[in-house]
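Have a look at model.txt; it's compact mmCIF, C-alpha atoms and all ligand atoms:
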```txt
# COMPACT_ATOMS: atom_id res chain seq x y z
CA MET A 31 0.00 0.00 0.00
CA ASN A 32 1.21 3.47 -0.71
CA ASN A 33 0.29 6.52 1.20
CA GLY A 34 1.67 8.86 -1.42
CA SER A 35 4.61 9.88 0.75
CA HIS A 36 8.34 9.25 0.48
CA SER A 37 8.86 10.02 4.12
CA ASN A 38 8.37 6.49 5.46
CA GLY A 39 11.94 5.61 4.49
CA HIS A 40 11.05 2.57 2.35
CA HIS A 41 12.86 2.02 -0.88
CA PRO A 42 10.28 1.98 -3.66
CA ASN A 43 11.59 -1.29 -5.20
CA GLY A 44 12.03 -3.51 -2.19
CA ASN A 45 11.56 -3.71 1.55
CA ARG A 46 14.19 -3.10 4.19
CA ASP A 47 15.36 -6.75 4.22
CA GLY A 48 15.76 -6.93 0.43
CA GLY A 49 12.71 -9.21 0.02
CA SER A 50 10.56 -9.10 -3.06
CA THR A 51 7.65 -6.70 -3.21
CA ASP A 52 6.13 -8.13 -6.40
CA ASN A 53 2.75 -8.45 -4.77
CA VAL A 54 2.74 -4.76 -3.87
CA HIS A 55 0.98 -2.46 -6.33
CA LEU A 56 3.06 0.57 -5.80
CA ASN A 57 1.81 3.93 -6.98
CA ILE A 58 4.10 6.89 -6.57
CA PRO A 59 2.69 9.87 -8.44
CA ASP A 60 4.83 12.76 -9.57
CA ARG A 61 4.87 14.99 -6.55
CA THR A 62 6.94 17.91 -7.70
CA GLU A 63 5.80 21.25 -6.44
CA GLU A 64 4.48 22.28 -9.84
CA THR A 65 2.37 19.17 -10.31
CA MET A 66 0.84 19.66 -6.92
CA TYR A 67 0.32 23.37 -6.91
CA GLY A 68 0.76 24.60 -10.44
CA VAL A 69 2.80 27.52 -11.58
CA SER A 70 0.06 30.03 -12.16
CA GLN A 71 -2.90 30.40 -9.86
CA ILE A 72 -6.04 32.42 -10.03
CA GLY A 73 -7.66 31.55 -6.75
CA ILE A 74 -11.30 32.21 -6.19
CA HIS A 75 -10.58 35.11 -3.86
CA ASP A 76 -7.69 36.50 -5.84
CA LEU A 77 -9.58 39.73 -6.60
CA VAL A 78 -13.11 38.72 -5.68
CA PRO A 79 -13.67 39.71 -2.04
CA GLN A 80 -14.19 36.71 0.19
CA MET A 81 -17.14 38.33 1.96
CA GLY A 82 -18.58 40.00 -1.11
CA TYR A 83 -18.44 43.39 -2.81
CA ARG A 84 -19.71 46.00 -0.38
CA GLU A 85 -20.73 49.03 -2.45
CA TYR A 86 -24.05 47.48 -3.50
CA TRP A 87 -27.63 46.92 -2.49
CA TYR A 88 -28.34 43.36 -1.34
CA PRO A 89 -31.59 41.55 -0.56
CA ALA A 90 -31.55 40.93 3.19
CA ILE A 91 -34.88 39.41 4.21
CA GLU A 92 -38.37 38.72 2.92
CA VAL A 93 -40.52 41.31 4.69
CA ARG A 94 -43.17 38.71 5.59
CA LYS A 95 -40.59 37.20 7.97
CA LEU A 96 -40.54 40.38 10.07
CA GLY A 97 -43.19 40.07 12.75
CA ARG A 98 -43.49 41.23 16.33
CA LYS A 99 -39.99 40.03 17.05
CA PRO A 100 -36.94 41.67 15.49
CA ARG A 101 -34.82 39.43 13.25
CA ARG A 102 -31.12 38.92 13.44
CA VAL A 103 -29.55 39.02 9.97
CA LYS A 104 -25.91 38.52 9.13
CA LEU A 105 -24.85 40.21 5.89
CA LEU A 106 -21.33 40.34 4.49
CA GLY A 107 -20.06 39.40 7.93
CA ASP A 108 -21.91 42.29 9.63
CA GLU A 109 -24.45 41.49 12.32
CA LEU A 110 -27.68 43.41 11.83
CA VAL A 111 -31.06 43.56 13.49
CA MET A 112 -34.02 44.11 11.19
CA PHE A 113 -37.54 45.17 12.09
CA ARG A 114 -40.58 46.90 10.63
CA GLY A 115 -40.34 50.68 10.62
CA LYS A 116 -43.07 53.25 9.98
CA ASP A 117 -45.05 53.48 6.71
CA GLY A 118 -43.88 50.18 5.22
CA LYS A 119 -40.23 50.98 5.80
CA VAL A 120 -37.81 48.49 7.29
CA GLY A 121 -35.10 49.22 9.82
CA ALA A 122 -31.62 47.65 9.66
CA LEU A 123 -29.38 48.58 12.59
CA LYS A 124 -26.08 47.24 13.75
CA ASP A 125 -26.97 44.51 16.22
CA ARG A 126 -25.35 46.31 19.14
CA CYS A 127 -27.02 48.81 21.39
CA PRO A 128 -25.08 52.09 21.43
CA HIS A 129 -25.81 52.41 25.16
CA ARG A 130 -23.81 49.49 26.53
CA GLY A 131 -23.61 46.97 23.75
CA ALA A 132 -26.52 44.58 24.32
CA PHE A 133 -27.63 42.70 21.19
CA LEU A 134 -30.69 44.58 19.97
CA SER A 135 -31.96 41.45 18.20
CA PHE A 136 -32.87 40.02 21.61
CA GLY A 137 -35.05 43.04 22.29
CA ARG A 138 -38.64 43.61 21.23
CA CYS A 139 -40.76 45.71 18.94
CA GLU A 140 -43.24 46.95 21.49
CA PHE A 141 -43.96 50.35 19.96
CA GLU A 142 -44.87 50.62 16.30
CA GLY A 143 -41.92 51.18 13.99
CA THR A 144 -39.27 50.85 16.72
CA ILE A 145 -37.03 48.39 18.48
CA SER A 146 -36.33 48.43 22.22
CA CYS A 147 -33.10 47.13 23.71
CA PRO A 148 -33.46 44.06 25.94
CA TYR A 149 -31.30 45.62 28.69
CA HIS A 150 -32.46 49.14 29.64
CA GLY A 151 -35.21 49.58 27.08
CA TYR A 152 -33.63 52.36 25.05
CA THR A 153 -35.78 52.51 21.95
CA PHE A 154 -34.74 53.29 18.38
CA ASP A 155 -36.58 54.00 15.15
CA GLU A 156 -35.61 52.72 11.70
CA THR A 157 -33.17 55.59 11.20
CA GLY A 158 -31.30 54.50 14.34
CA LYS A 159 -32.43 57.56 16.33
CA CYS A 160 -33.12 57.02 20.04
CA VAL A 161 -36.76 58.03 20.52
CA ALA A 162 -37.01 57.03 24.19
CA ALA A 163 -34.47 56.03 26.83
CA ILE A 164 -37.15 54.36 28.92
CA THR A 165 -35.26 53.62 32.13
CA GLU A 166 -33.50 56.99 32.09
CA GLY A 167 -36.83 58.76 32.16
CA PRO A 168 -39.07 60.75 29.82
CA ASP A 169 -36.74 63.76 29.95
CA SER A 170 -33.56 61.80 29.17
CA PRO A 171 -31.09 63.96 27.24
CA MET A 172 -30.14 60.84 25.26
CA VAL A 173 -33.34 61.14 23.24
CA GLY A 174 -32.68 62.58 19.81
CA LYS A 175 -28.92 62.50 20.38
CA LEU A 176 -28.02 58.85 20.82
CA LYS A 177 -27.86 56.94 17.53
CA ALA A 178 -27.56 53.29 16.66
CA ARG A 179 -25.63 52.61 13.48
CA ALA A 180 -28.28 52.37 10.74
CA TYR A 181 -27.92 50.92 7.24
CA PRO A 182 -29.94 52.39 4.35
CA THR A 183 -32.83 50.12 3.35
CA ALA A 184 -35.43 49.89 0.61
CA VAL A 185 -38.44 47.63 0.19
CA LEU A 186 -39.55 46.27 -3.16
CA GLY A 187 -41.76 43.33 -4.03
CA GLY A 188 -41.86 41.97 -0.48
CA VAL A 189 -38.09 42.00 -0.05
CA ALA A 190 -36.07 44.38 2.13
CA TYR A 191 -32.78 45.48 0.54
CA VAL A 192 -29.85 46.86 2.52
CA TRP A 193 -27.05 49.10 1.28
CA MET A 194 -23.82 47.66 2.66
CA GLY A 195 -21.42 50.25 1.29
CA GLN A 196 -19.42 52.92 3.07
CA THR A 197 -20.16 55.40 0.27
CA ASP A 198 -23.58 56.87 -0.56
CA PRO A 199 -26.22 54.45 -1.87
CA VAL A 200 -27.03 54.45 -5.56
CA PRO A 201 -30.66 54.37 -6.77
CA LEU A 202 -32.09 50.85 -6.33
CA GLU A 203 -32.60 50.63 -10.11
CA GLU A 204 -28.86 50.51 -10.67
CA ASP A 205 -28.41 47.24 -8.78
CA LEU A 206 -31.64 45.29 -9.22
CA PRO A 207 -32.69 43.53 -12.43
CA SER A 208 -35.02 45.77 -14.41
CA GLU A 209 -37.88 43.21 -14.40
CA PHE A 210 -38.30 43.83 -10.66
CA PHE A 211 -39.64 47.33 -11.43
CA ASP A 212 -41.78 46.37 -14.40
CA SER A 213 -45.41 45.35 -13.88
CA LYS A 214 -45.27 43.33 -17.11
CA TYR A 215 -43.41 40.72 -15.08
CA ALA A 216 -44.43 38.55 -12.13
CA VAL A 217 -41.53 38.08 -9.71
CA HIS A 218 -41.60 35.51 -6.90
CA VAL A 219 -38.88 34.98 -4.37
CA TYR A 220 -37.63 32.19 -2.12
CA SER A 221 -34.68 32.49 0.25
CA LYS A 222 -32.63 29.98 2.16
CA VAL A 223 -29.15 29.73 3.69
CA TRP A 224 -26.72 27.58 1.72
CA PRO A 225 -23.63 26.42 3.63
CA MET A 226 -21.10 27.48 1.01
CA ASN A 227 -19.10 30.53 0.06
CA TRP A 228 -21.10 32.93 -2.11
CA ALA A 229 -18.52 33.00 -4.90
CA VAL A 230 -18.66 29.22 -5.33
CA SER A 231 -22.37 29.51 -6.00
CA ILE A 232 -21.77 32.15 -8.68
CA GLU A 233 -19.09 30.17 -10.42
CA GLN A 234 -21.26 27.08 -10.75
CA ASN A 235 -23.41 29.02 -13.20
CA GLU A 236 -20.54 29.58 -15.57
CA ASP A 237 -18.80 26.23 -15.59
CA ALA A 238 -19.64 22.99 -17.39
CA HIS A 239 -20.78 20.68 -14.59
CA PHE A 240 -24.22 20.21 -16.07
CA SER A 241 -23.93 16.84 -17.81
CA TRP A 242 -22.07 15.36 -14.86
CA ILE A 243 -23.89 16.66 -11.77
CA HIS A 244 -27.32 16.72 -13.37
CA ARG A 245 -27.10 13.33 -15.05
CA PHE A 246 -29.70 10.66 -14.45
CA ARG A 247 -31.61 10.73 -11.16
CA VAL A 248 -34.74 8.75 -10.43
CA ARG A 249 -36.57 11.89 -9.38
CA ARG A 250 -35.98 13.28 -12.87
CA LEU A 251 -38.35 10.66 -14.26
CA PHE A 252 -41.30 12.46 -12.74
CA ASN A 253 -40.86 15.74 -14.58
CA LEU A 254 -39.45 14.01 -17.70
CA GLU A 255 -36.06 15.71 -17.28
CA ALA A 256 -34.42 12.26 -17.32
CA PHE A 257 -35.36 12.06 -20.99
CA ARG A 258 -33.46 15.20 -22.01
CA GLN A 259 -30.57 15.04 -24.49
CA ILE A 260 -27.83 16.68 -22.43
CA PRO A 261 -24.59 17.44 -24.32
CA ALA A 262 -21.80 15.24 -22.93
CA TYR A 263 -19.46 18.23 -22.67
CA TRP A 264 -19.34 21.90 -23.55
CA SER A 265 -15.62 22.45 -24.27
CA GLY A 266 -15.65 25.35 -21.91
CA MET A 267 -17.62 28.52 -21.50
CA ASN A 268 -16.98 31.81 -23.23
CA VAL A 269 -17.86 35.36 -22.36
CA VAL A 270 -19.95 36.57 -25.27
CA GLY A 271 -21.49 39.79 -24.08
CA GLU A 272 -20.32 42.32 -21.57
CA THR A 273 -21.41 45.64 -20.07
CA ASP A 274 -20.06 47.65 -17.16
CA SER A 275 -21.83 45.41 -14.69
CA THR A 276 -22.86 42.24 -16.54
CA MET A 277 -21.38 39.40 -18.54
CA GLY A 278 -23.11 36.87 -20.84
CA ILE A 279 -21.81 33.32 -21.09
CA LYS A 280 -22.17 30.66 -23.75
CA PRO A 281 -20.72 27.15 -24.18
CA THR A 282 -18.07 26.75 -26.89
CA VAL A 283 -19.87 23.80 -28.44
CA ASN A 284 -23.09 21.99 -27.82
CA ALA A 285 -21.63 18.53 -28.33
CA ALA A 286 -23.50 15.31 -28.97
CA GLN A 287 -24.96 13.70 -25.89
CA GLN A 288 -22.44 10.87 -25.97
CA ALA A 289 -18.68 11.08 -26.55
CA TYR A 290 -15.72 8.67 -26.74
CA TYR A 291 -12.96 9.30 -24.18
CA PRO A 292 -9.69 7.70 -25.44
CA GLY A 293 -8.07 7.62 -22.01
CA LEU A 294 -10.95 5.51 -20.75
CA GLY A 295 -11.47 3.52 -23.92
CA LYS A 296 -15.18 4.11 -23.39
CA LYS A 297 -18.09 6.25 -24.33
CA TRP A 298 -19.76 8.42 -21.73
CA PRO A 299 -22.59 8.34 -20.90
CA GLN A 300 -22.78 4.67 -21.74
CA HIS A 301 -26.48 4.65 -22.64
CA VAL A 302 -28.56 7.46 -23.99
CA TRP A 303 -31.18 5.66 -26.04
CA TRP A 304 -34.04 6.80 -23.83
CA ARG A 305 -33.21 10.47 -24.17
CA PHE A 306 -35.62 11.86 -26.73
CA ARG A 307 -36.35 15.38 -25.43
CA LYS A 308 -34.30 18.18 -26.97
CA PHE A 309 -32.01 20.22 -24.73
CA PRO A 310 -33.45 23.74 -24.82
CA VAL A 311 -31.09 26.41 -26.13
CA PRO A 312 -32.85 29.79 -26.05
CA GLY A 313 -32.61 31.57 -29.36
CA ILE A 314 -31.81 28.28 -31.14
CA ASN A 315 -34.51 25.70 -30.52
CA VAL A 316 -36.66 27.57 -28.01
CA LYS A 317 -37.48 31.23 -27.84
CA SER A 318 -35.35 33.35 -25.56
CA PHE A 319 -36.99 35.12 -22.59
CA SER A 320 -34.58 38.02 -22.51
CA GLY A 321 -33.96 38.28 -26.25
CA LYS A 322 -30.24 38.01 -25.54
CA PRO A 323 -28.08 35.53 -27.49
CA TYR A 324 -26.93 33.54 -24.46
CA ARG A 325 -28.45 31.45 -21.71
CA SER A 326 -26.36 32.36 -18.67
CA GLU A 327 -25.52 35.76 -17.36
CA HIS A 328 -23.96 37.48 -14.36
CA TYR A 329 -24.72 40.83 -12.83
CA LEU A 330 -22.46 42.46 -10.29
CA PRO A 331 -22.33 42.06 -7.37
CA SER A 332 -23.56 38.44 -7.11
CA ILE A 333 -26.50 37.72 -9.39
CA THR A 334 -26.66 34.78 -11.78
CA ARG A 335 -29.38 34.45 -14.37
CA VAL A 336 -30.40 31.54 -16.55
CA ASP A 337 -32.75 32.12 -19.47
CA MET A 338 -35.20 29.21 -19.40
CA GLY A 339 -37.10 30.37 -22.48
CA ASN A 340 -40.48 30.85 -20.82
CA ARG A 341 -39.00 32.45 -17.71
CA MET A 342 -35.85 33.88 -16.20
CA TYR A 343 -34.26 32.00 -13.34
CA ASN A 344 -32.55 34.67 -11.30
CA ARG A 345 -30.47 33.97 -8.24
CA TRP A 346 -28.84 36.45 -5.89
CA ALA A 347 -26.13 35.05 -3.64
CA VAL A 348 -25.85 37.19 -0.52
CA PRO A 349 -22.69 36.57 1.50
CA VAL A 350 -23.48 35.83 5.15
CA ASP A 351 -20.01 34.84 6.26
CA GLU A 352 -17.11 32.98 4.73
CA ASN A 353 -18.98 29.67 4.62
CA HIS A 354 -22.62 30.68 4.32
CA THR A 355 -24.73 32.36 1.68
CA MET A 356 -28.32 33.55 1.86
CA MET A 357 -29.58 32.43 -1.52
CA PHE A 358 -32.45 34.48 -2.91
CA THR A 359 -34.04 32.72 -5.87
CA TYR A 360 -36.30 34.94 -7.97
CA ASP A 361 -38.58 33.40 -10.56
CA ILE A 362 -39.37 35.96 -13.27
CA ARG A 363 -42.17 35.35 -15.77
CA LYS A 364 -44.55 37.43 -17.76
CA GLY A 365 -47.20 38.90 -15.50
CA GLY A 366 -49.11 41.34 -17.67
CA SER A 367 -52.57 39.85 -17.16
CA LEU A 368 -54.39 38.45 -14.14
CA TRP A 369 -54.14 34.96 -15.65
CA ASP A 370 -50.37 35.39 -16.16
CA ARG A 371 -49.98 36.34 -12.53
CA ILE A 372 -52.05 33.41 -11.24
CA PHE A 373 -50.13 31.02 -13.49
CA ALA A 374 -46.78 32.47 -12.36
CA LYS A 375 -47.71 32.05 -8.71
CA LEU A 376 -48.81 28.47 -9.26
CA CYS A 377 -45.63 27.57 -11.14
CA PHE A 378 -43.48 29.19 -8.52
CA HIS A 379 -44.97 27.29 -5.59
CA THR A 380 -44.85 23.94 -7.41
CA VAL A 381 -42.36 23.55 -10.23
CA VAL A 382 -39.81 26.18 -9.29
CA ARG A 383 -39.61 25.74 -5.53
CA TYR A 384 -39.76 21.97 -5.48
CA TRP A 385 -38.40 20.73 -8.81
CA GLN A 386 -35.80 23.35 -9.44
CA VAL A 387 -34.63 24.99 -6.23
CA LYS A 388 -34.97 21.93 -4.01
CA GLY A 389 -34.77 19.07 -6.52
CA VAL A 390 -31.95 20.41 -8.66
CA ASN A 391 -30.03 23.07 -6.75
CA GLU A 392 -30.31 21.85 -3.18
CA LEU A 393 -30.18 18.11 -3.87
CA GLU A 394 -27.76 18.01 -6.83
CA ASP A 395 -25.53 21.11 -6.94
CA LEU A 396 -25.33 21.96 -3.25
CA PRO A 397 -24.05 18.59 -1.94
CA VAL A 398 -20.93 18.97 -4.09
CA GLN A 399 -20.28 22.57 -3.16
CA LEU A 400 -20.91 22.66 0.59
CA TYR A 401 -18.00 24.16 2.50
CA THR A 402 -17.54 20.78 4.15
CA ARG A 403 -17.09 19.15 0.74
CA MET A 404 -15.33 21.67 -1.45
CA ASP A 405 -12.41 23.91 -0.55
CA PRO A 406 -12.25 27.11 -2.60
CA LYS A 407 -8.96 28.08 -0.95
CA GLU A 408 -7.06 25.11 -2.34
CA PRO A 409 -4.85 26.06 -5.31
CA GLN A 410 -6.73 25.49 -8.56
CA LYS A 411 -5.82 24.45 -12.08
CA LEU A 412 -8.03 26.28 -14.51
CA GLY A 413 -8.56 25.15 -18.08
CA ARG A 414 -10.93 25.91 -20.91
CA ASN A 415 -13.86 24.81 -18.76
CA ASP A 416 -13.06 27.77 -16.57
CA ARG A 417 -12.59 30.52 -19.12
CA ALA A 418 -15.63 32.49 -18.01
CA ILE A 419 -14.63 31.98 -14.39
CA ILE A 420 -11.23 33.55 -15.04
CA HIS A 421 -13.01 36.52 -16.57
CA TRP A 422 -15.35 36.82 -13.58
CA ARG A 423 -12.44 36.53 -11.14
CA ARG A 424 -10.12 38.99 -12.85
CA LYS A 425 -12.14 41.39 -15.03
CA MET A 426 -15.41 41.87 -13.16
CA PRO A 427 -13.70 42.94 -9.92
CA LEU A 428 -12.08 45.80 -11.83
CA LYS A 429 -15.51 46.93 -12.97
CA SER A 430 -17.05 46.67 -9.53
CA ARG A 431 -18.20 49.73 -7.65
CA ASP A 432 -15.82 48.73 -4.86
CA ALA A 433 -12.91 49.12 -7.27
CA GLN A 434 -14.23 52.42 -8.56
CA ARG A 435 -15.19 53.91 -5.21
CA VAL A 436 -13.10 52.46 -2.40
CA TRP A 437 -10.21 50.31 -3.45
CA GLY A 438 -8.42 53.53 -4.35
CA MET A 439 -6.37 51.98 -7.12
CA SER A 440 -4.27 53.68 -9.69
CA GLU A 441 -5.33 53.96 -13.35
CA ARG A 442 -2.80 51.24 -14.11
CA ALA A 443 -4.52 48.85 -11.73
CA LEU A 444 -7.92 49.44 -13.26
CA VAL A 445 -6.84 47.74 -16.45
CA ASP A 446 -4.46 45.18 -15.00
CA ALA A 447 -5.59 42.51 -12.55
CA ASP A 448 -2.07 41.66 -11.37
CA ALA A 449 -1.46 45.28 -10.48
CA VAL A 450 -4.65 45.30 -8.40
CA ARG A 451 -3.55 42.29 -6.46
CA GLU A 452 -0.11 43.75 -5.87
CA GLU A 453 -1.55 47.03 -4.67
CA ARG A 454 -4.08 45.37 -2.40
CA GLU A 455 -1.43 43.14 -0.91
CA GLY A 456 0.79 46.17 -0.37
CA LEU A 457 3.46 44.87 -2.75
CA VAL A 458 3.69 48.20 -4.54
CA GLU A 459 3.20 51.75 -3.37
CA VAL A 460 0.10 53.44 -4.70
CA GLY A 461 1.09 57.00 -5.40
CA ASP A 462 -0.21 59.45 -7.94
CA ASP A 463 -0.35 57.72 -11.25
CA ASP A 464 2.65 56.85 -13.30
S1 LIG B 1 -27.52 48.30 26.65
FE1 LIG B 1 -29.16 48.81 25.44
S2 LIG B 1 -30.36 50.08 26.67
FE2 LIG B 1 -28.64 49.66 27.84
FE FE B 2 -26.10 22.87 -11.55
```
Whole structure, structure tokens version:
Amino acid sequence: MNNGSHSNGHHPNGNRDGGSTDNVHLNIPDRTEETMYGVSQIGIHDLVPQMGYREYWYPAIEVRKLGRKPRRVKLLGDELVMFRGKDGKVGALKDRCPHRGAFLSFGRCEFEGTISCPYHGYTFDETGKCVAAITEGPDSPMVGKLKARAYPTAVLGGVAYVWMGQTDPVPLEEDLPSEFFDSKYAVHVYSKVWPMNWAVSIEQNEDAHFSWIHRFRVRRLFNLEAFRQIPAYWSGMNVVGETDSTMGIKPTVNAAQQAYYPGLGKKWPQHVWWRFRKFPVPGINVKSFSGKPYRSEHYLPSITRVDMGNRMYNRWAVPVDENHTMMFTYDIRKGGSLWDRIFAKLCFHTVVRYWQVKGVNELEDLPVQLYTRMDPKEPQKLGRNDRAIIHWRRKMPLKSRDAQRVWGMSERALVDADAVREEREGLVEVGDDD
């Protein structure tokens, strides 16, 4: 048996006493540094911030989840308390009382539009202003002066959004998909914590795992997905459309559903005879929902979109901490008429929530990508499968609002990813531009 290590002192061709080791199936792989770690690395958090870009709006909570009790919400590593404010507004305060540091999330919402601290009952509105310091008395000078740290919020379509940036918030329209503001569309949302880093969940939308992870499953018989002709491989993904905040992605080829692999001496998959349903490619064999010439798309800071032809599958990965992501799945369909809206609601609560989000994402993708099963910090070897990922890791960060507003990089860095990394790691001085 071989444990892959030379350090046990055994000679590879014989044992210590010179006896034969013919019955030993020795396997000593090449373990040079370069084989193990590669010479060039573009790690997942090379330029992409581990806890997410900050100068953006993020969905934080579905408003229906805010009741009489305040809710504790962790966003981008920050601990917040959220509660209903006045006139349909939502409050998001740092989850620490400015009086003596009690966690406000253990307090209560006794007076409309406010939160009261569990310790001395100091009470704050959604702007963070202290409106009553109950145990210090009605004439407390704290009132109107004491402030809890408040984050800007906005409510749209039953979801409360929080601005996480240190600079001034942009209009909501700049960060949310345009369909959210358009009554021609019906938008439904479902949110759940996924135990994985947010960036891993973005990258799965631009790689070529489909034919492997989503191959045959018994449950796919019920919605006839088992009968789809899935291309065996995609030869990598390419960036085919780009704006200041988005990128469109398309496979290099849509191969046949079965291919011969010389190193295996076999075809994979071995049997495909039962697959008679066409694989839908919007714009080719089914109509495209967005009218764009690609199926997958990213929006900064952390939105992935898949054009399903009759609807847009839109997912927003909100970093909670290093190993957890609050995944907001938005189902977008046409919603112009009453019938459209009823149909959209029905589809969302059946097909989308159970078949897609649970059946596909949570039962097929997620088990591979959990932080307990995949390590995004391990050095990686990227190939043509990962072309779009390289782009997302190295080009999109330069376009991010964080780069523009707070990273404070030189002009040189804004066009050169290596320069950004060097500047952020303090390897070069950032002065006035060269
Ligand atoms: S610690 Fe919050 S009121 Fe005193
Ligand atoms: Fe997947």
Across A:Ser170, A:Ser135, A:Ser332, A:Gln234, the smallest distance to ligand FE 2 (chain B), with only C-alpha atoms and all ligand atoms counted, is shown by A:Gln234
Please build the interface table for chain A against ligand FE 2 (chain B) with a cut-off of 10 Å, listing for each qualifying residue the nearest atom pair and the distance in Å to one decimal; count only C-alpha atoms and all ligand atoms, order rows by chain and increasing number, and write it as a tab-separated table.
```
residue	atom	partner	partner_atom	distance
A:Ser231	CA	B:FE2	FE	9.4
A:Gln234	CA	B:FE2	FE	6.5
A:Asn235	CA	B:FE2	FE	6.9
A:Glu236	CA	B:FE2	FE	9.6
A:Asp237	CA	B:FE2	FE	9.0
A:Ala238	CA	B:FE2	FE	8.7
A:His239	CA	B:FE2	FE	6.5
A:Phe240	CA	B:FE2	FE	5.6
A:Ser241	CA	B:FE2	FE	9.0
A:Trp242	CA	B:FE2	FE	9.1
A:Ile243	CA	B:FE2	FE	6.6
A:His244	CA	B:FE2	FE	6.5
A:Gln386	CA	B:FE2	FE	9.9
A:Val390	CA	B:FE2	FE	7.0
A:Asn391	CA	B:FE2	FE	6.2
A:Glu392	CA	B:FE2	FE	9.4
A:Leu393	CA	B:FE2	FE	9.9
A:Glu394	CA	B:FE2	FE	7.0
A:Asp395	CA	B:FE2	FE	5.0
A:Leu396	CA	B:FE2	FE	8.4
A:Val398	CA	B:FE2	FE	9.9
```
Would you name the residues within 6 Å of ligand LIG 1 (chain B), counting only C-alpha atoms and all ligand atoms, and put them as number ranges by chain? A: 127, 129-132, 147, 149-152
What is the distance between CA of Glu92 (chain A) and CA of Arg371 (chain A), in Å to one decimal?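 CA of Arg371 (chain A) lies at a distance of 19.5 Å from CA of Glu92 (chain A).
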Find the residue from A:Arg414, A:Lys407, A:Lys104, A:His354 that sits nearest to Met226 (chain A); use all atoms listed in the file when measuring.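 Of all the options, A:His354 lies closest to Met226 (chain A).
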Take CA of Thr144 (chain A) and CA of Arg114 (chain A) and report the distance between them in Å, one decimal.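 CA of Arg114 (chain A) lies at a distance of 7.4 Å from CA of Thr144 (chain A).
Residues with any atom within 10 Å of Gln196 (chain A), counting only C-alpha atoms and excluding same-chain neighbours fewer than 6 positions away, are A:Arg84, A:Glu85, A:Tyr86, A:Tyr181, A:Asp432, A:Arg435, A:Val436.
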CA of Val270 (chain A) to CA of Ala347 (chain A), distance in Å rounded to a single decimal: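 CA of Ala347 (chain A) lies 22.5 Å from CA of Val270 (chain A).
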Which polymer residues, whether protein, DNA or RNA, lie within 6 Å of the coordinate (-32.5, 15.9, -28.3) when you count only C-alpha atoms? List them as a ChimeraX atom specification, using the chain letters and numbers from the file. /A:259,306-309
Extract, using only C-alpha atoms, all DNA, RNA and protein residues at most 12 Å from Ile279 (chain A), discarding same-chain residues fewer than 2 positions from it, and format them as a ChimeraX atom specification. /A:233,235-238,264,266-272,276-277,281-282,322-329,334-337,415-419,421-422
Point (-11.1, 49.4, -8.1) neighbourhood (12 Å, all atoms listed in the file) written as an mmCIF file with C-alpha atoms, in the coordinates of the input:
```cif
data_model
loop_
_atom_site.group_PDB
_atom_site.id
_atom_site.type_symbol
_atom_site.label_atom_id
_atom_site.label_comp_id
_atom_site.auth_asym_id
_atom_site.auth_seq_id
_atom_site.Cartn_x
_atom_site.Cartn_y
_atom_site.Cartn_z
ATOM 1 C CA LEU A 77 -9.580 39.730 -6.600
ATOM 2 C CA VAL A 78 -13.110 38.720 -5.680
ATOM 3 C CA PRO A 79 -13.670 39.710 -2.040
ATOM 4 C CA TYR A 83 -18.440 43.390 -2.810
ATOM 5 C CA GLU A 85 -20.730 49.030 -2.450
ATOM 6 C CA ARG A 424 -10.120 38.990 -12.850
ATOM 7 C CA LYS A 425 -12.140 41.390 -15.030
ATOM 8 C CA MET A 426 -15.410 41.870 -13.160
ATOM 9 C CA PRO A 427 -13.700 42.940 -9.920
ATOM 10 C CA LEU A 428 -12.080 45.800 -11.830
ATOM 11 C CA LYS A 429 -15.510 46.930 -12.970
ATOM 12 C CA SER A 430 -17.050 46.670 -9.530
ATOM 13 C CA ARG A 431 -18.200 49.730 -7.650
ATOM 14 C CA ASP A 432 -15.820 48.730 -4.860
ATOM 15 C CA ALA A 433 -12.910 49.120 -7.270
ATOM 16 C CA GLN A 434 -14.230 52.420 -8.560
ATOM 17 C CA ARG A 435 -15.190 53.910 -5.210
ATOM 18 C CA VAL A 436 -13.100 52.460 -2.400
ATOM 19 C CA TRP A 437 -10.210 50.310 -3.450
ATOM 20 C CA GLY A 438 -8.420 53.530 -4.350
ATOM 21 C CA MET A 439 -6.370 51.980 -7.120
ATOM 22 C CA SER A 440 -4.270 53.680 -9.690
ATOM 23 C CA GLU A 441 -5.330 53.960 -13.350
ATOM 24 C CA ARG A 442 -2.800 51.240 -14.110
ATOM 25 C CA ALA A 443 -4.520 48.850 -11.730
ATOM 26 C CA LEU A 444 -7.920 49.440 -13.260
ATOM 27 C CA VAL A 445 -6.840 47.740 -16.450
ATOM 28 C CA ASP A 446 -4.460 45.180 -15.000
ATOM 29 C CA ALA A 447 -5.590 42.510 -12.550
ATOM 30 C CA ALA A 449 -1.460 45.280 -10.480
ATOM 31 C CA VAL A 450 -4.650 45.300 -8.400
ATOM 32 C CA ARG A 451 -3.550 42.290 -6.460
ATOM 33 C CA GLU A 453 -1.550 47.030 -4.670
ATOM 34 C CA ARG A 454 -4.080 45.370 -2.400
#
```
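Considering all atoms listed in the file, the residue among A:Gly143, A:Gly389, A:Pro225, A:Pro168 positioned nearest to Val350 (chain A) is A:Pro225.
Near Tyr360 (chain A), within 10 Å and counting only C-alpha atoms, sit A:Phe210, A:Ala216, A:Val217, A:His218, A:Val219, A:Tyr220, A:Ser221, A:Arg335, A:Met342, A:Tyr343, A:Asn344, A:Arg345, A:Trp346, A:Met357, A:Arg363, A:Phe378, A:Val382; same-chain residues fewer than 3 positions away were not included.
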